[in-house]
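Here the structure comes first, spelled out in structure tokens, and everything after it is commentary.
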Amino acid sequence: MKHNNGDTFEEALKNPAYIAMGSGVFLLVVVLFCVIVWNSSHANKDTLVLNQPAGNTVEIPSMGESITDEVIVTPAPEVVTDTEEELIKQLIAEKSNDQGLVFEPMDDWITAKEVTNLRSEPSTEKGAESVVVKLSNGTAVRRVGINEETGWSKIVYEDTIVYASTAYMVEAEAPVE
């Protein structure tokens with residue numbers, strides 16, 4: 001079979017001009033295909049915004065049933081507490097490990113009679129594993145709850161909720177700031 005210029009098909013395949021032209025056409029087709037796929041996959045994206053408890057907002061672009069595209073994490077606005085009381089309420093709500101016990105709300109200052117364990121939970125079952133810090137006599141901490149039945153006090157210690165045996169605690173003066 002002869003081509004327009006008289007070359008056979010086999011001869012045309014060996015001609016650098018035809019090879020370059022064929023490669024260029026192929027490249028153009030591939031680029032156009034990629035552009036079409038990209039436009040169709042990124043057109044009309046709805047954005048789903050999820051507020052995460054850790055303080056981040058996650059935006060997940062949604063395409064019908066699929067939400068496997070990109071994930072963009074942006075910092076959420078900082079939560080500003082107006083008072084120390086609000087901070088304490090937030091700590092109690094988020095960081096308590098009451099283990100199902102009901103603590104009667106309190107608001108007083110206490111200290112250890114002698115060196116006393118402050119624990120991450122109102123229990124001694126885990127032994128030293130649950131001890132957060134040892135409280136010395138004279139260091140005042142704020143008690144925010146008490147369970148008279150079990151003898152545990154719920155305490156705020158350095159922005160953490162901890163628990164101590166009420167029997168080892170005594171009243172204290174609020175620290176002077």
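Residues are named by chain letter and number: chains run A, B, ... in the order of the structure tokens, numbers start at 1 in each chain, and ligands are numbered from 1 in the order shown.
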
Near Lys95 (chain A), counting only C-alpha atoms, which residues have an atom at most 12 Å away, once you skip same-chain residues fewer than 4 positions from it, shown as a PDB file with N, CA and C atoms, in the first residue's frame?
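Once written, around-v3.pdb looks like this:
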```pdb
ATOM      1  N   LEU A  87     -13.859  27.146  82.849  1.00  0.00           N
ATOM      2  CA  LEU A  87     -12.759  26.215  82.593  1.00  0.00           C
ATOM      3  C   LEU A  87     -12.933  24.951  83.426  1.00  0.00           C
ATOM      4  N   ILE A  88     -13.297  25.099  84.669  1.00  0.00           N
ATOM      5  CA  ILE A  88     -13.484  23.942  85.546  1.00  0.00           C
ATOM      6  C   ILE A  88     -14.644  23.088  85.053  1.00  0.00           C
ATOM      7  N   LYS A  89     -15.749  23.723  84.654  1.00  0.00           N
ATOM      8  CA  LYS A  89     -16.885  22.959  84.118  1.00  0.00           C
ATOM      9  C   LYS A  89     -16.472  22.179  82.881  1.00  0.00           C
ATOM     10  N   GLN A  90     -15.660  22.815  82.030  1.00  0.00           N
ATOM     11  CA  GLN A  90     -15.193  22.151  80.820  1.00  0.00           C
ATOM     12  C   GLN A  90     -14.288  20.965  81.175  1.00  0.00           C
ATOM     13  N   LEU A  91     -13.388  21.148  82.130  1.00  0.00           N
ATOM     14  CA  LEU A  91     -12.514  20.053  82.568  1.00  0.00           C
ATOM     15  C   LEU A  91     -13.330  18.883  83.095  1.00  0.00           C
ATOM     16  N   GLN A  99     -15.920   6.629  86.494  1.00  0.00           N
ATOM     17  CA  GLN A  99     -16.198   5.188  86.514  1.00  0.00           C
ATOM     18  C   GLN A  99     -17.609   4.884  86.995  1.00  0.00           C
ATOM     19  N   SER A 120      -5.817   8.940  88.642  1.00  0.00           N
ATOM     20  CA  SER A 120      -6.552   9.219  87.406  1.00  0.00           C
ATOM     21  C   SER A 120      -7.975   8.678  87.459  1.00  0.00           C
ATOM     22  N   GLU A 121      -8.296   7.866  88.452  1.00  0.00           N
ATOM     23  CA  GLU A 121      -9.630   7.296  88.598  1.00  0.00           C
ATOM     24  C   GLU A 121      -9.910   7.085  90.086  1.00  0.00           C
ATOM     25  N   LYS A 154     -13.243  14.426  94.040  1.00  0.00           N
ATOM     26  CA  LYS A 154     -12.841  14.781  92.668  1.00  0.00           C
ATOM     27  C   LYS A 154     -12.155  16.138  92.765  1.00  0.00           C
ATOM     28  N   ILE A 155     -10.955  16.236  92.185  1.00  0.00           N
ATOM     29  CA  ILE A 155     -10.082  17.399  92.385  1.00  0.00           C
ATOM     30  C   ILE A 155      -9.577  17.926  91.047  1.00  0.00           C
ATOM     31  N   VAL A 156      -9.386  19.246  90.965  1.00  0.00           N
ATOM     32  CA  VAL A 156      -8.712  19.846  89.814  1.00  0.00           C
ATOM     33  C   VAL A 156      -7.269  20.077  90.233  1.00  0.00           C
ATOM     34  N   TYR A 157      -6.352  19.429  89.516  1.00  0.00           N
ATOM     35  CA  TYR A 157      -4.927  19.588  89.785  1.00  0.00           C
ATOM     36  C   TYR A 157      -4.238  19.928  88.472  1.00  0.00           C
ATOM     37  N   ASP A 159      -5.025  21.745  85.802  1.00  0.00           N
ATOM     38  CA  ASP A 159      -5.892  21.568  84.628  1.00  0.00           C
ATOM     39  C   ASP A 159      -6.182  20.107  84.304  1.00  0.00           C
ATOM     40  N   THR A 160      -6.157  19.254  85.318  1.00  0.00           N
ATOM     41  CA  THR A 160      -6.470  17.845  85.146  1.00  0.00           C
ATOM     42  C   THR A 160      -7.433  17.438  86.259  1.00  0.00           C
ATOM     43  N   ILE A 161      -8.365  16.554  85.938  1.00  0.00           N
ATOM     44  CA  ILE A 161      -9.248  16.006  86.963  1.00  0.00           C
ATOM     45  C   ILE A 161      -8.572  14.768  87.540  1.00  0.00           C
ATOM     46  N   VAL A 162      -8.418  14.764  88.871  1.00  0.00           N
ATOM     47  CA  VAL A 162      -7.823  13.632  89.575  1.00  0.00           C
ATOM     48  C   VAL A 162      -8.720  13.296  90.768  1.00  0.00           C
ATOM     49  N   TYR A 163      -8.405  12.196  91.429  1.00  0.00           N
ATOM     50  CA  TYR A 163      -9.227  11.723  92.544  1.00  0.00           C
ATOM     51  C   TYR A 163      -8.326  11.384  93.723  1.00  0.00           C
TER      52      TYR A 163
END
```

Phe103 (chain A) surroundings by only C-alpha atoms, 12 Å radius, close-in-sequence under 2 positions cut, as number ranges by chain: A: 92, 96-101, 105-107, 122, 143-155, 163

Selection from above, N, CA and C atoms, as a tab-separated table (two decimals), in the first residue's frame, can you write it?
```tsv
chain	number	residue	atom	x	y	z
A	92	ILE	N	-14.32	19.20	83.93
A	92	ILE	CA	-15.14	18.14	84.51
A	92	ILE	C	-15.88	17.38	83.42
A	96	SER	N	-13.22	13.92	83.11
A	96	SER	CA	-13.54	13.11	84.29
A	96	SER	C	-13.49	11.63	83.94
A	97	ASN	N	-13.03	10.86	84.89
A	97	ASN	CA	-13.01	9.41	84.77
A	97	ASN	C	-13.72	8.85	86.00
A	98	ASP	N	-15.00	9.20	86.15
A	98	ASP	CA	-15.76	8.90	87.36
A	98	ASP	C	-16.10	7.42	87.52
A	99	GLN	N	-15.92	6.63	86.49
A	99	GLN	CA	-16.20	5.19	86.51
A	99	GLN	C	-17.61	4.88	87.00
A	100	GLY	N	-18.55	5.72	86.59
A	100	GLY	CA	-19.95	5.47	86.93
A	100	GLY	C	-20.36	5.98	88.30
A	101	LEU	N	-19.44	6.50	89.08
A	101	LEU	CA	-19.79	7.05	90.39
A	101	LEU	C	-20.43	8.41	90.22
A	105	PRO	N	-21.57	17.88	93.59
A	105	PRO	CA	-20.74	19.05	93.30
A	105	PRO	C	-20.28	19.76	94.58
A	106	MET	N	-19.03	20.16	94.58
A	106	MET	CA	-18.43	20.90	95.70
A	106	MET	C	-17.60	22.01	95.10
A	107	ASP	N	-17.23	22.95	95.94
A	107	ASP	CA	-16.29	23.99	95.52
A	107	ASP	C	-15.56	24.47	96.76
A	122	PRO	N	-11.19	7.06	90.46
A	122	PRO	CA	-11.53	6.88	91.87
A	122	PRO	C	-11.46	5.40	92.29
A	143	ARG	N	-11.32	21.15	95.24
A	143	ARG	CA	-12.21	19.99	95.17
A	143	ARG	C	-13.51	20.42	94.49
A	144	VAL	N	-13.91	19.67	93.47
A	144	VAL	CA	-15.10	20.01	92.70
A	144	VAL	C	-16.21	18.98	92.86
A	145	GLY	N	-15.93	17.90	93.59
A	145	GLY	CA	-16.95	16.89	93.81
A	145	GLY	C	-16.55	15.94	94.90
A	146	ILE	N	-17.57	15.28	95.47
A	146	ILE	CA	-17.31	14.30	96.52
A	146	ILE	C	-18.35	13.20	96.40
A	147	ASN	N	-17.92	11.97	96.67
A	147	ASN	CA	-18.82	10.84	96.76
A	147	ASN	C	-18.69	10.32	98.18
A	148	GLU	N	-19.65	10.68	99.02
A	148	GLU	CA	-19.61	10.32	100.44
A	148	GLU	C	-19.63	8.80	100.63
A	149	GLU	N	-20.38	8.13	99.77
A	149	GLU	CA	-20.55	6.68	99.91
A	149	GLU	C	-19.23	5.93	99.74
A	150	THR	N	-18.44	6.31	98.72
A	150	THR	CA	-17.18	5.62	98.45
A	150	THR	C	-15.98	6.28	99.11
A	151	GLY	N	-16.14	7.54	99.51
A	151	GLY	CA	-15.04	8.24	100.16
A	151	GLY	C	-14.02	8.84	99.20
A	152	TRP	N	-14.43	9.13	97.96
A	152	TRP	CA	-13.52	9.73	96.99
A	152	TRP	C	-13.87	11.19	96.76
A	153	SER	N	-12.84	12.02	96.60
A	153	SER	CA	-13.00	13.42	96.24
A	153	SER	C	-12.52	13.60	94.81
A	154	LYS	N	-13.24	14.43	94.04
A	154	LYS	CA	-12.84	14.78	92.67
A	154	LYS	C	-12.16	16.14	92.76
A	155	ILE	N	-10.96	16.24	92.19
A	155	ILE	CA	-10.08	17.40	92.38
A	155	ILE	C	-9.58	17.93	91.05
A	163	TYR	N	-8.41	12.20	91.43
A	163	TYR	CA	-9.23	11.72	92.54
A	163	TYR	C	-8.33	11.38	93.72
```

Length of the CA of Thr139 (chain A) to CA of Thr111 (chain A) vector [Å]: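 Spanning CA of Thr139 (chain A) to CA of Thr111 (chain A) is a straight-line distance of 5.7 Å.
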
Distance in Å - CA of Glu94 (chain A) versus CA of Tyr168 (chain A): 26.1 Å

A:Leu135, A:Ile110, A:Cys34, A:Val25 ranked by distance to Ala172 (chain A), top pick (using only C-alpha atoms): A:Ile110
